[in-house]
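Student: There's a structure below that I have some questions on.
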Protein chains: 2
Amino acid sequence: MPNDKKPVFEGNITADDVAVEAGVSRWTVNRAFRKDASISSKSLEKVRIAAEKLGYVPDLRAASLASDRSNLVALLIDDFANPHKLVMMERLTRILRREGWDILLVNTLDRADAGHALLNASQRRVDAVILIGIQFDDEVLDTALHARRFRKLIIFARTSRNPNTISIAVDDVHAMKEIANYVHERGFRRPMFLAGPRTSSAHLLRKETFVDYWRQHFGSEPETVSVSAYDPALAASIVETTLVDRNKATLPDILVCENDALAIGATDVIRHKLGLRIPQDIAITGFDDVPQAEGANYRLTTYRQPLTDMAEYLVKVLGSEEDRDFDRLFQGKLMIRDSA
Amino acid sequence: MPNDKKPVFEGNITADDVAVEAGVSRWTVNRAFRKDASISSKSLEKVRIAAEKLGYVPDLRAASLASDRSNLVALLIDDFANPHKLVMMERLTRILRREGWDILLVNTLDRADAGHALLNASQRRVDAVILIGIQFDDEVLDTALHARRFRKLIIFARTSRNPNTISIAVDDVHAMKEIANYVHERGFRRPMFLAGPRTSSAHLLRKETFVDYWRQHFGSEPETVSVSAYDPALAASIVETTLVDRNKATLPDILVCENDALAIGATDVIRHKLGLRIPQDIAITGFDDVPQAEGANYRLTTYRQPLTDMAEYLVKVLGSEEDRDFDRLFQGKLMIRDSA
DNA sequence: ATTAATTTTGCTCCCGCGTGCAAATTTCTA
DNA sequence: TAGAAATTTGCACGCGGGAGCAAAATTAAT
């Protein structure tokens with residue numbers, strides 16, 4: 001095999017090399033790669049050609065080191081069993097990248113691991129940390145803030161009352177009231193609320209809102225069940241053990257789920273293990289509007305979060321130098337389908 | 001609210017500060033944070049205390065710049081509609097992080113975007129690039145390799161014949177033969193193969209293998225249909241338009257799908273739009289063994305990829321300094337459930 | 001107790017690029 | 001076309017830490 005030499009790694013083409021090739025100074029070369037620099041079109045062109053020829057690409061590590069801006073944000077995620085995480089990641093990574101932000105992905109195993117995950121991020125000197133997880137309670141946040149190494153700590157798709165974090169989320173209270181009202185008006189009277197893990201803080205207000213609504217309108221507490229993770233499989237087994245022995249009279253007429261991950265697991269088990277029909281025997285609602293909620297199998301009535309708007313707002317926050325309160329709640333949309 | 005001052009960002013605690021505090025030189029401080037450095041336990045302790053007090057954490061950008069090792073790998077992903085991607089990401093991020101690798105996540109929009117994604121990675125001087133996507137054909141790979149800026153280019157969960165890349169994947173041929181053999185032995189005679197997008201290269205050998213098997217054993221080509229993305233919703237609509245007008249005689253007796261994403265979409269539409277039963281009217285097989293394949297709803301017969309083993313091998317490859325052929329095929333496991 | 005062997009520590013010289021300013025060009029004005 | 005105004009360019013210095021070696025401090029050996 002002649003002429004099939006393996007490409008060798010050679011990462012040492014620096015701005016100096018390009019400068020010599022183009023006949024300008026190193027600083028002019030670097031300017032050519034910064035969008036805000038003042039440079040004549042003539043030398044820009046010279047640099048471009050030389051860089052192209054040598055295969056030069058600026059080293060962002062060095063740029064970051066010198067400028068104290070990394071253009072890197074850390075994305076701390078857990079809860080990978082929840083299909084909605086895939087949607088969030090897709091949306092965030094796409095929009096962040098479009099705006100010039102690179103992303104450090106950190107899989108945060110559990111609460112005890114959150115500190116290490118944060119450490120990871122701080123060692124890379126990220127400009128901001130985005131939390132898309134359920135393991136971040138006040139204690140963790142305080143630790144992170146105490147380290148004082150993050151310019152911005154953003155809680156995405158989850159509200160937080162911590163004054164030093166930025167929370168970008170859907171308005172859970174408003175949304176769940178809308179769902180509760182729908183459930184009410186459609187004549188359901190024996191709802192069961194299927195909740196996710198009850199973290200000590202920064203958790204969703206969905207359950208509380210629904211319970212309040214029901215108490216207010218009927219004077220009674222709806223039954224609630226909690227699942228220790230947003231995992232369809234786990235939700236399925238919990239729902240099965242909860243409902244398997246019940247007769248028609250004690251069965252709830254609707255299962256209001258904290259999110260689609262739970263609703264999907266519940267749907268599966270209600271149909272295939274309990275042999276009941278949806279929505280005739282038990283109706284179901286979810287939250288998030290994951291892709292499969294719309295599919296022919298689930299046709300799930302759920303609440304769509306305006307993820308794109310939220311992500312767009314997020315990049316706006318990232319780009320801002322101001323130091324004001326960026327917290328913001330978004331309105332989503334109730335998607336009425338066949339499950340309720 | 002007294003004493004509630006907002007934590008200020010102050011990222012300027014450097015090794016020099018710690019050195020002064022601990023009464024040692026800067027280099028000793030840095031040594032204290034490297035696991036392979038020779039340092040006395042006495043000064044290690046002094047540094048630890050000083051660093052703790054000042055909240056010092058080494059700057060990995062600077063370390064990377066000086067050592068020419070970033071301990072960063074880029075993960076280029078597309079195809080976010082495929083639920084298996086979430087599983088892959090979880091596994092890879094968990095295992096890579098455990099071994100000290102940080103991850104730069106790059107959402108690669110389409111083929112035209114692959115070059116930019118690669119550029120992103122090279123600007124951060126990642127030590128390796130991991131491709132988990134379908135958009136990376138030979139042309140893209142050649143471009144990437146031509147730039148010579150990556151020590152390792154790893155194609156994960158997909159085979160590549162490019163001699164300069166490292167491919168870590170399941171043995172498609174072996175796996176699909178096993179599936180084909182199962183289909184054959186269970187007496188199915190009118191299979192239809194549901195394939196994904198046909199990229200020009202680095203694609204899966206599943207369809208070819210199945211078609212070959214069938215031709216060899218029956219002398220006839222099985223019907224094949226192709227979906228332009230591994231998206232359950234898209235698969236559903238293609239399957240519907242393909243099968244909707246058929247009568248019992250012309251309907252396939254089994255749908256062999258290139259992966260679970262397609263199988264799931266197909267299942268939904270077969271049940272809920274065509275009103276057929278699985279597996280009595282049409283059986284289905286998938287590939288990947290995504291979480292929902294095991295759930296009560298799908299009970300999908302599929303082929304499980306040994307993702308953990310593959311990821312463990314990947315970190316071994318990353319850590320190796322040798323320059324040999326790291327390509328490797330893994331054996332998975334046929335998971336027989338109710339769908340076929 | 002000395003000297004040799006070993007471990008620790010400090011230091012010089014980079015890594016590649018941004019900041020801010022002064023010098024050099026270019027463009028504009030009268 | 002000279003002189004002023006505006007734009008470009010070059011440069012010293014710094015960002016935070018690693019490699020490799022020489023000096024210093026410990027430990028081992030005789």
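Residue numbers start at 1 in each chain; chains themselves are named A, B, ... in the order of the structure tokens; ligands are numbered from 1 in the order shown.
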For Phe193 of chain B, find every residue with an atom within 10 Å (counting only C-alpha atoms (C1' of nucleotides)), except residues of its own chain fewer than 6 positions away, and show them as a PDB file with all heavy atoms, in the first residue's frame.
Tutor:
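Resulting contents of out.pdb:
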```
ATOM      1  N   ARG B 206     -26.319  -4.419   9.229  1.00  0.00           N
ATOM      2  CA  ARG B 206     -27.441  -5.262   9.636  1.00  0.00           C
ATOM      3  C   ARG B 206     -28.325  -5.652   8.460  1.00  0.00           C
ATOM      4  O   ARG B 206     -28.654  -6.814   8.280  1.00  0.00           O
ATOM      5  CB  ARG B 206     -28.254  -4.546  10.713  1.00  0.00           C
ATOM      6  CG  ARG B 206     -27.413  -4.352  11.965  1.00  0.00           C
ATOM      7  CD  ARG B 206     -28.080  -3.499  13.023  1.00  0.00           C
ATOM      8  NE  ARG B 206     -27.065  -3.073  13.996  1.00  0.00           N
ATOM      9  CZ  ARG B 206     -27.261  -2.151  14.928  1.00  0.00           C
ATOM     10  NH1 ARG B 206     -28.433  -1.536  15.022  1.00  0.00           N
ATOM     11  NH2 ARG B 206     -26.292  -1.824  15.761  1.00  0.00           N
ATOM     12  N   LYS B 207     -28.697  -4.672   7.690  1.00  0.00           N
ATOM     13  CA  LYS B 207     -29.592  -4.963   6.577  1.00  0.00           C
ATOM     14  C   LYS B 207     -28.938  -5.938   5.605  1.00  0.00           C
ATOM     15  O   LYS B 207     -29.534  -6.954   5.225  1.00  0.00           O
ATOM     16  CB  LYS B 207     -29.953  -3.674   5.835  1.00  0.00           C
ATOM     17  CG  LYS B 207     -30.871  -3.895   4.650  1.00  0.00           C
ATOM     18  CD  LYS B 207     -31.087  -2.613   3.872  1.00  0.00           C
ATOM     19  CE  LYS B 207     -31.135  -2.895   2.380  1.00  0.00           C
ATOM     20  NZ  LYS B 207     -31.076  -1.686   1.580  1.00  0.00           N
ATOM     21  N   PHE B 210     -28.885  -9.455   6.922  1.00  0.00           N
ATOM     22  CA  PHE B 210     -30.177 -10.130   6.922  1.00  0.00           C
ATOM     23  C   PHE B 210     -30.588 -10.534   5.506  1.00  0.00           C
ATOM     24  O   PHE B 210     -31.036 -11.659   5.263  1.00  0.00           O
ATOM     25  CB  PHE B 210     -31.259  -9.242   7.543  1.00  0.00           C
ATOM     26  CG  PHE B 210     -32.566  -9.943   7.698  1.00  0.00           C
ATOM     27  CD1 PHE B 210     -32.780 -10.812   8.758  1.00  0.00           C
ATOM     28  CD2 PHE B 210     -33.584  -9.780   6.764  1.00  0.00           C
ATOM     29  CE1 PHE B 210     -33.985 -11.502   8.890  1.00  0.00           C
ATOM     30  CE2 PHE B 210     -34.782 -10.454   6.881  1.00  0.00           C
ATOM     31  CZ  PHE B 210     -34.989 -11.325   7.958  1.00  0.00           C
ATOM     32  N   VAL B 211     -30.414  -9.615   4.585  1.00  0.00           N
ATOM     33  CA  VAL B 211     -30.785  -9.891   3.200  1.00  0.00           C
ATOM     34  C   VAL B 211     -29.967 -11.062   2.658  1.00  0.00           C
ATOM     35  O   VAL B 211     -30.494 -11.973   2.006  1.00  0.00           O
ATOM     36  CB  VAL B 211     -30.583  -8.631   2.323  1.00  0.00           C
ATOM     37  CG1 VAL B 211     -30.711  -8.952   0.857  1.00  0.00           C
ATOM     38  CG2 VAL B 211     -31.576  -7.555   2.727  1.00  0.00           C
ATOM     39  N   PRO B 222     -35.756 -10.557   0.813  1.00  0.00           N
ATOM     40  CA  PRO B 222     -36.863 -10.061   1.629  1.00  0.00           C
ATOM     41  C   PRO B 222     -37.161  -8.616   1.277  1.00  0.00           C
ATOM     42  O   PRO B 222     -36.291  -7.897   0.801  1.00  0.00           O
ATOM     43  CB  PRO B 222     -36.332 -10.185   3.057  1.00  0.00           C
ATOM     44  CG  PRO B 222     -34.848 -10.081   2.902  1.00  0.00           C
ATOM     45  CD  PRO B 222     -34.511 -10.699   1.585  1.00  0.00           C
ATOM     46  N   GLU B 223     -38.380  -8.257   1.481  1.00  0.00           N
ATOM     47  CA  GLU B 223     -38.766  -6.870   1.239  1.00  0.00           C
ATOM     48  C   GLU B 223     -38.033  -5.966   2.238  1.00  0.00           C
ATOM     49  O   GLU B 223     -37.857  -6.309   3.396  1.00  0.00           O
ATOM     50  CB  GLU B 223     -40.276  -6.766   1.468  1.00  0.00           C
ATOM     51  CG  GLU B 223     -40.907  -5.507   0.938  1.00  0.00           C
ATOM     52  CD  GLU B 223     -42.438  -5.557   1.091  1.00  0.00           C
ATOM     53  OE1 GLU B 223     -42.962  -6.602   1.560  1.00  0.00           O
ATOM     54  OE2 GLU B 223     -43.085  -4.565   0.770  1.00  0.00           O
ATOM     55  N   THR B 224     -37.579  -4.803   1.779  1.00  0.00           N
ATOM     56  CA  THR B 224     -36.940  -3.874   2.709  1.00  0.00           C
ATOM     57  C   THR B 224     -37.515  -2.474   2.529  1.00  0.00           C
ATOM     58  O   THR B 224     -37.862  -2.073   1.420  1.00  0.00           O
ATOM     59  CB  THR B 224     -35.416  -3.791   2.505  1.00  0.00           C
ATOM     60  OG1 THR B 224     -35.147  -3.161   1.250  1.00  0.00           O
ATOM     61  CG2 THR B 224     -34.770  -5.162   2.511  1.00  0.00           C
ATOM     62  N   VAL B 225     -37.585  -1.773   3.635  1.00  0.00           N
ATOM     63  CA  VAL B 225     -38.069  -0.399   3.629  1.00  0.00           C
ATOM     64  C   VAL B 225     -37.072   0.427   4.429  1.00  0.00           C
ATOM     65  O   VAL B 225     -36.523  -0.050   5.415  1.00  0.00           O
ATOM     66  CB  VAL B 225     -39.463  -0.302   4.281  1.00  0.00           C
ATOM     67  CG1 VAL B 225     -39.897   1.143   4.404  1.00  0.00           C
ATOM     68  CG2 VAL B 225     -40.472  -1.094   3.477  1.00  0.00           C
ATOM     69  N   SER B 226     -36.838   1.638   3.979  1.00  0.00           N
ATOM     70  CA  SER B 226     -35.862   2.461   4.664  1.00  0.00           C
ATOM     71  C   SER B 226     -36.496   3.721   5.245  1.00  0.00           C
ATOM     72  O   SER B 226     -37.326   4.366   4.609  1.00  0.00           O
ATOM     73  CB  SER B 226     -34.744   2.821   3.684  1.00  0.00           C
ATOM     74  OG  SER B 226     -33.854   3.709   4.294  1.00  0.00           O
ATOM     75  N   PRO B 252     -46.375  -8.729   5.699  1.00  0.00           N
ATOM     76  CA  PRO B 252     -45.256  -9.516   6.221  1.00  0.00           C
ATOM     77  C   PRO B 252     -45.679 -10.214   7.519  1.00  0.00           C
ATOM     78  O   PRO B 252     -46.577  -9.746   8.217  1.00  0.00           O
ATOM     79  CB  PRO B 252     -44.166  -8.472   6.490  1.00  0.00           C
ATOM     80  CG  PRO B 252     -44.882  -7.175   6.587  1.00  0.00           C
ATOM     81  CD  PRO B 252     -46.078  -7.290   5.702  1.00  0.00           C
ATOM     82  N   ILE B 254     -43.304 -10.870   9.802  1.00  0.00           N
ATOM     83  CA  ILE B 254     -42.421 -10.313  10.820  1.00  0.00           C
ATOM     84  C   ILE B 254     -41.698  -9.085  10.277  1.00  0.00           C
ATOM     85  O   ILE B 254     -41.365  -9.011   9.089  1.00  0.00           O
ATOM     86  CB  ILE B 254     -41.392 -11.352  11.329  1.00  0.00           C
ATOM     87  CG1 ILE B 254     -40.609 -10.784  12.525  1.00  0.00           C
ATOM     88  CG2 ILE B 254     -40.426 -11.766  10.211  1.00  0.00           C
ATOM     89  CD1 ILE B 254     -39.798 -11.805  13.280  1.00  0.00           C
ATOM     90  N   LEU B 255     -41.513  -8.120  11.172  1.00  0.00           N
ATOM     91  CA  LEU B 255     -40.810  -6.895  10.814  1.00  0.00           C
ATOM     92  C   LEU B 255     -39.468  -6.929  11.551  1.00  0.00           C
ATOM     93  O   LEU B 255     -39.431  -6.858  12.771  1.00  0.00           O
ATOM     94  CB  LEU B 255     -41.630  -5.693  11.292  1.00  0.00           C
ATOM     95  CG  LEU B 255     -41.582  -4.410  10.485  1.00  0.00           C
ATOM     96  CD1 LEU B 255     -41.877  -4.660   9.023  1.00  0.00           C
ATOM     97  CD2 LEU B 255     -42.590  -3.424  11.058  1.00  0.00           C
ATOM     98  N   VAL B 256     -38.407  -7.077  10.788  1.00  0.00           N
ATOM     99  CA  VAL B 256     -37.082  -7.092  11.392  1.00  0.00           C
ATOM    100  C   VAL B 256     -36.515  -5.681  11.304  1.00  0.00           C
ATOM    101  O   VAL B 256     -36.292  -5.170  10.210  1.00  0.00           O
ATOM    102  CB  VAL B 256     -36.152  -8.087  10.655  1.00  0.00           C
ATOM    103  CG1 VAL B 256     -34.759  -8.061  11.255  1.00  0.00           C
ATOM    104  CG2 VAL B 256     -36.750  -9.485  10.713  1.00  0.00           C
ATOM    105  N   CYS B 257     -36.319  -5.055  12.454  1.00  0.00           N
ATOM    106  CA  CYS B 257     -35.941  -3.640  12.446  1.00  0.00           C
ATOM    107  C   CYS B 257     -34.459  -3.458  12.752  1.00  0.00           C
ATOM    108  O   CYS B 257     -33.881  -4.186  13.551  1.00  0.00           O
ATOM    109  CB  CYS B 257     -36.758  -2.870  13.473  1.00  0.00           C
ATOM    110  SG  CYS B 257     -38.533  -3.002  13.196  1.00  0.00           S
ATOM    111  N   GLU B 258     -33.899  -2.465  12.119  1.00  0.00           N
ATOM    112  CA  GLU B 258     -32.477  -2.224  12.288  1.00  0.00           C
ATOM    113  C   GLU B 258     -32.142  -1.807  13.717  1.00  0.00           C
ATOM    114  O   GLU B 258     -31.029  -2.051  14.189  1.00  0.00           O
ATOM    115  CB  GLU B 258     -32.020  -1.148  11.299  1.00  0.00           C
ATOM    116  CG  GLU B 258     -30.525  -1.109  11.121  1.00  0.00           C
ATOM    117  CD  GLU B 258     -30.131  -0.205   9.949  1.00  0.00           C
ATOM    118  OE1 GLU B 258     -30.186  -0.696   8.810  1.00  0.00           O
ATOM    119  OE2 GLU B 258     -29.799   0.957  10.187  1.00  0.00           O
ATOM    120  N   ILE B 284     -42.230  -8.685  15.657  1.00  0.00           N
ATOM    121  CA  ILE B 284     -41.259  -7.593  15.488  1.00  0.00           C
ATOM    122  C   ILE B 284     -39.976  -7.913  16.243  1.00  0.00           C
ATOM    123  O   ILE B 284     -40.018  -8.457  17.350  1.00  0.00           O
ATOM    124  CB  ILE B 284     -41.847  -6.258  16.018  1.00  0.00           C
ATOM    125  CG1 ILE B 284     -42.977  -5.778  15.103  1.00  0.00           C
ATOM    126  CG2 ILE B 284     -40.768  -5.199  16.130  1.00  0.00           C
ATOM    127  CD1 ILE B 284     -43.399  -4.351  15.341  1.00  0.00           C
ATOM    128  N   THR B 285     -38.866  -7.576  15.633  1.00  0.00           N
ATOM    129  CA  THR B 285     -37.591  -7.632  16.363  1.00  0.00           C
ATOM    130  C   THR B 285     -36.899  -6.281  16.240  1.00  0.00           C
ATOM    131  O   THR B 285     -37.083  -5.560  15.267  1.00  0.00           O
ATOM    132  CB  THR B 285     -36.628  -8.699  15.813  1.00  0.00           C
ATOM    133  OG1 THR B 285     -36.208  -8.334  14.490  1.00  0.00           O
ATOM    134  CG2 THR B 285     -37.272 -10.079  15.776  1.00  0.00           C
TER     135      THR B 285
END
```
Student: What are the residues of chain A lining chain C at 6 Å or less? Count only C-alpha atoms (C1' of nucleotides), and put the answer as a VMD selection string.
Tutor: chain A and resid 62 to 63 66 to 67
Student: Based on the selection just made, write N, CA, C and O atoms of those residues as a PDB file, in the first residue's frame.
Tutor:
```pdb
ATOM      1  N   ALA A  62      -5.553  28.485  25.640  1.00  0.00           N
ATOM      2  CA  ALA A  62      -4.687  29.640  25.862  1.00  0.00           C
ATOM      3  C   ALA A  62      -5.496  30.931  25.854  1.00  0.00           C
ATOM      4  O   ALA A  62      -5.290  31.816  26.689  1.00  0.00           O
ATOM      5  N   ALA A  63      -6.418  31.010  24.910  1.00  0.00           N
ATOM      6  CA  ALA A  63      -7.250  32.208  24.837  1.00  0.00           C
ATOM      7  C   ALA A  63      -8.018  32.391  26.129  1.00  0.00           C
ATOM      8  O   ALA A  63      -8.094  33.489  26.689  1.00  0.00           O
ATOM      9  N   ALA A  66      -5.790  33.458  29.045  1.00  0.00           N
ATOM     10  CA  ALA A  66      -5.355  34.850  28.978  1.00  0.00           C
ATOM     11  C   ALA A  66      -6.505  35.820  29.212  1.00  0.00           C
ATOM     12  O   ALA A  66      -6.318  36.895  29.755  1.00  0.00           O
ATOM     13  N   SER A  67      -7.670  35.446  28.772  1.00  0.00           N
ATOM     14  CA  SER A  67      -8.773  36.405  28.825  1.00  0.00           C
ATOM     15  C   SER A  67      -9.683  36.191  30.016  1.00  0.00           C
ATOM     16  O   SER A  67     -10.546  37.008  30.293  1.00  0.00           O
TER      17      SER A  67
END
```
Student: Report the residues of segment 121-317 of chain B whose backbone DSSP state falls under helix (DSSP H, G or I), written as number ranges by chain.
Tutor: B: 121-123, 138-147, 172-185, 206-218, 232-243, 260-272, 291-294, 307-317
Student: With only C-alpha atoms (C1' of nucleotides) counted and 10 Å as the cut-off, give the residues of chain A in contact with chain D, each with its shortest interatomic distance in Å and the pair that gives it, as a Markdown table.
Tutor:
```
| residue | atom | partner | partner_atom | distance |
| --- | --- | --- | --- | --- |
| A:Val24 | CA | D:DT9 | C1' | 8.6 |
| A:Ser25 | CA | D:DG10 | C1' | 6.8 |
| A:Arg26 | CA | D:DG10 | C1' | 8.8 |
| A:Trp27 | CA | D:DG10 | C1' | 7.6 |
| A:Thr28 | CA | D:DT9 | C1' | 7.1 |
| A:Ser38 | CA | D:DT8 | C1' | 7.3 |
| A:Ile39 | CA | D:DT8 | C1' | 6.3 |
| A:Ser40 | CA | D:DT8 | C1' | 6.7 |
| A:Ser43 | CA | D:DT8 | C1' | 9.7 |
| A:Ala62 | CA | D:DC15 | C1' | 8.4 |
| A:Ala63 | CA | D:DC15 | C1' | 9.2 |
| A:Ser64 | CA | D:DC15 | C1' | 8.7 |
| A:Leu65 | CA | D:DC15 | C1' | 5.3 |
| A:Ala66 | CA | D:DC15 | C1' | 4.6 |
| A:Ser67 | CA | D:DC15 | C1' | 7.5 |
| A:Asp68 | CA | D:DC15 | C1' | 7.9 |
```
Student: With N, CA, C and O atoms retained, write the just-selected residues as a JSON list (two decimals), in the first residue's frame.
Tutor:
```json
[["chain", "number", "residue", "atom", "x", "y", "z"],
["A", 24, "VAL", "N", 3.21, 38.88, 8.91],
["A", 24, "VAL", "CA", 2.68, 39.86, 9.85],
["A", 24, "VAL", "C", 3.13, 39.45, 11.25],
["A", 24, "VAL", "O", 3.84, 38.46, 11.41],
["A", 25, "SER", "N", 2.68, 40.17, 12.24],
["A", 25, "SER", "CA", 3.06, 39.81, 13.60],
["A", 25, "SER", "C", 2.07, 38.79, 14.17],
["A", 25, "SER", "O", 0.96, 38.63, 13.66],
["A", 26, "ARG", "N", 2.50, 38.13, 15.23],
["A", 26, "ARG", "CA", 1.63, 37.14, 15.84],
["A", 26, "ARG", "C", 0.30, 37.74, 16.28],
["A", 26, "ARG", "O", -0.76, 37.14, 16.17],
["A", 27, "TRP", "N", 0.34, 38.96, 16.78],
["A", 27, "TRP", "CA", -0.87, 39.59, 17.30],
["A", 27, "TRP", "C", -1.88, 39.84, 16.19],
["A", 27, "TRP", "O", -3.08, 39.76, 16.41],
["A", 28, "THR", "N", -1.38, 40.13, 15.03],
["A", 28, "THR", "CA", -2.29, 40.32, 13.91],
["A", 28, "THR", "C", -2.96, 39.00, 13.56],
["A", 28, "THR", "O", -4.15, 38.96, 13.22],
["A", 38, "SER", "N", -9.90, 44.93, 15.51],
["A", 38, "SER", "CA", -9.77, 45.85, 14.38],
["A", 38, "SER", "C", -8.57, 45.40, 13.54],
["A", 38, "SER", "O", -7.43, 45.34, 14.00],
["A", 39, "ILE", "N", -8.86, 45.06, 12.34],
["A", 39, "ILE", "CA", -7.82, 44.54, 11.45],
["A", 39, "ILE", "C", -8.16, 44.90, 10.01],
["A", 39, "ILE", "O", -9.34, 44.96, 9.65],
["A", 40, "SER", "N", -7.16, 45.20, 9.23],
["A", 40, "SER", "CA", -7.43, 45.58, 7.84],
["A", 40, "SER", "C", -7.78, 44.33, 7.03],
["A", 40, "SER", "O", -7.27, 43.25, 7.30],
["A", 43, "SER", "N", -4.67, 42.38, 5.59],
["A", 43, "SER", "CA", -3.93, 41.42, 6.40],
["A", 43, "SER", "C", -4.82, 40.28, 6.87],
["A", 43, "SER", "O", -4.35, 39.15, 7.07],
["A", 62, "ALA", "N", -5.55, 28.49, 25.64],
["A", 62, "ALA", "CA", -4.69, 29.64, 25.86],
["A", 62, "ALA", "C", -5.50, 30.93, 25.85],
["A", 62, "ALA", "O", -5.29, 31.82, 26.69],
["A", 63, "ALA", "N", -6.42, 31.01, 24.91],
["A", 63, "ALA", "CA", -7.25, 32.21, 24.84],
["A", 63, "ALA", "C", -8.02, 32.39, 26.13],
["A", 63, "ALA", "O", -8.09, 33.49, 26.69],
["A", 64, "SER", "N", -8.56, 31.31, 26.59],
["A", 64, "SER", "CA", -9.34, 31.35, 27.82],
["A", 64, "SER", "C", -8.47, 31.74, 29.01],
["A", 64, "SER", "O", -8.86, 32.54, 29.85],
["A", 65, "LEU", "N", -7.30, 31.16, 29.04],
["A", 65, "LEU", "CA", -6.38, 31.44, 30.15],
["A", 65, "LEU", "C", -6.03, 32.93, 30.20],
["A", 65, "LEU", "O", -6.01, 33.55, 31.25],
["A", 66, "ALA", "N", -5.79, 33.46, 29.04],
["A", 66, "ALA", "CA", -5.36, 34.85, 28.98],
["A", 66, "ALA", "C", -6.50, 35.82, 29.21],
["A", 66, "ALA", "O", -6.32, 36.89, 29.76],
["A", 67, "SER", "N", -7.67, 35.45, 28.77],
["A", 67, "SER", "CA", -8.77, 36.41, 28.83],
["A", 67, "SER", "C", -9.68, 36.19, 30.02],
["A", 67, "SER", "O", -10.55, 37.01, 30.29],
["A", 68, "ASP", "N", -9.53, 35.08, 30.69],
["A", 68, "ASP", "CA", -10.39, 34.76, 31.82],
["A", 68, "ASP", "C", -11.84, 34.62, 31.42],
["A", 68, "ASP", "O", -12.75, 34.92, 32.18]]
```
Student: Quote the spacing between atom CA of Leu329 of chain B and atom CA of Leu86 of chain B in Å to one decimal place.
Tutor: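 These two atoms are separated by 21.5 Å.
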Student: Within 6 Å of chain B, which residues of chain A are there when counting only C-alpha atoms? Please give them as a PyMOL selection string.
Tutor: chain A and resi 9+11+59-61+86+93-94+103-105+107+123-124+148-149+151+268+296-297
Student: Write the residues you've just listed into a file as a compact mmCIF listing (two decimals), in the first residue's frame, and include N, CA and C atoms for each of them.
Tutor:
```txt
# COMPACT_ATOMS: atom_id res chain seq x y z
N PHE A 9 -0.08 12.93 14.49
CA PHE A 9 -0.58 14.04 15.28
C PHE A 9 0.49 15.10 15.38
N GLY A 11 0.19 18.90 16.80
CA GLY A 11 -0.68 19.98 17.24
C GLY A 11 0.07 21.25 17.51
N ASP A 59 -5.92 28.18 19.76
CA ASP A 59 -6.03 27.32 20.92
C ASP A 59 -6.89 28.01 21.97
N LEU A 60 -8.08 27.48 22.17
CA LEU A 60 -9.00 28.14 23.09
C LEU A 60 -8.58 28.02 24.54
N ARG A 61 -7.76 27.04 24.84
CA ARG A 61 -7.27 26.93 26.21
C ARG A 61 -6.45 28.18 26.54
N LEU A 86 -33.26 13.65 27.38
CA LEU A 86 -32.69 13.62 26.03
C LEU A 86 -33.16 14.84 25.24
N THR A 93 -27.97 21.83 23.93
CA THR A 93 -26.68 21.74 23.23
C THR A 93 -26.76 22.43 21.88
N ARG A 94 -27.88 22.28 21.22
CA ARG A 94 -28.00 22.90 19.91
C ARG A 94 -27.96 24.41 20.01
N ILE A 103 -19.81 23.00 25.63
CA ILE A 103 -20.48 22.38 26.77
C ILE A 103 -19.67 21.24 27.37
N LEU A 104 -19.49 21.35 28.66
CA LEU A 104 -18.84 20.29 29.40
C LEU A 104 -19.94 19.47 30.06
N LEU A 105 -20.06 18.24 29.65
CA LEU A 105 -21.14 17.41 30.16
C LEU A 105 -20.68 16.60 31.37
N ASN A 107 -22.00 13.92 34.14
CA ASN A 107 -23.01 12.99 34.63
C ASN A 107 -22.90 12.92 36.15
N GLN A 123 -12.64 23.30 37.86
CA GLN A 123 -11.26 23.13 37.41
C GLN A 123 -11.08 23.52 35.95
N ARG A 124 -12.15 23.41 35.21
CA ARG A 124 -12.09 23.81 33.80
C ARG A 124 -12.41 25.29 33.67
N ARG A 148 -17.47 30.00 45.30
CA ARG A 148 -17.35 31.30 44.61
C ARG A 148 -16.58 31.23 43.31
N ARG A 149 -16.65 30.10 42.69
CA ARG A 149 -15.87 30.00 41.49
C ARG A 149 -16.73 30.02 40.23
N ARG A 151 -19.45 32.11 37.94
CA ARG A 151 -20.07 33.40 37.71
C ARG A 151 -21.58 33.26 37.79
N ASP A 268 -48.21 1.75 30.82
CA ASP A 268 -47.84 0.39 30.42
C ASP A 268 -48.42 -0.64 31.38
N ALA A 296 -48.79 7.12 18.74
CA ALA A 296 -50.06 6.41 18.69
C ALA A 296 -50.30 5.57 19.93
N ASN A 297 -49.24 5.16 20.58
CA ASN A 297 -49.41 4.28 21.72
C ASN A 297 -49.92 5.00 22.97
```
Student: Might you pull out every residue within 12 Å of Ala112 of chain A, with only C-alpha atoms (C1' of nucleotides) counted and same-chain residues fewer than 2 positions away left off, and present them as an MDAnalysis selection string?
Tutor: chainID A and resid 108:110 114:118 135:137 139:140 143
Student: Grab the atom CA of Arg198 of chain A to atom CA of Arg277 of chain A distance for me, in Å with one decimal place.
Tutor: 29.4 Å
Student: Atom CA of Asp325 of chain A to atom CA of Asp212 of chain A: how many Å, to one decimal?
Tutor: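 Atom CA of Asp325 of chain A sits 28.7 Å away from atom CA of Asp212 of chain A.
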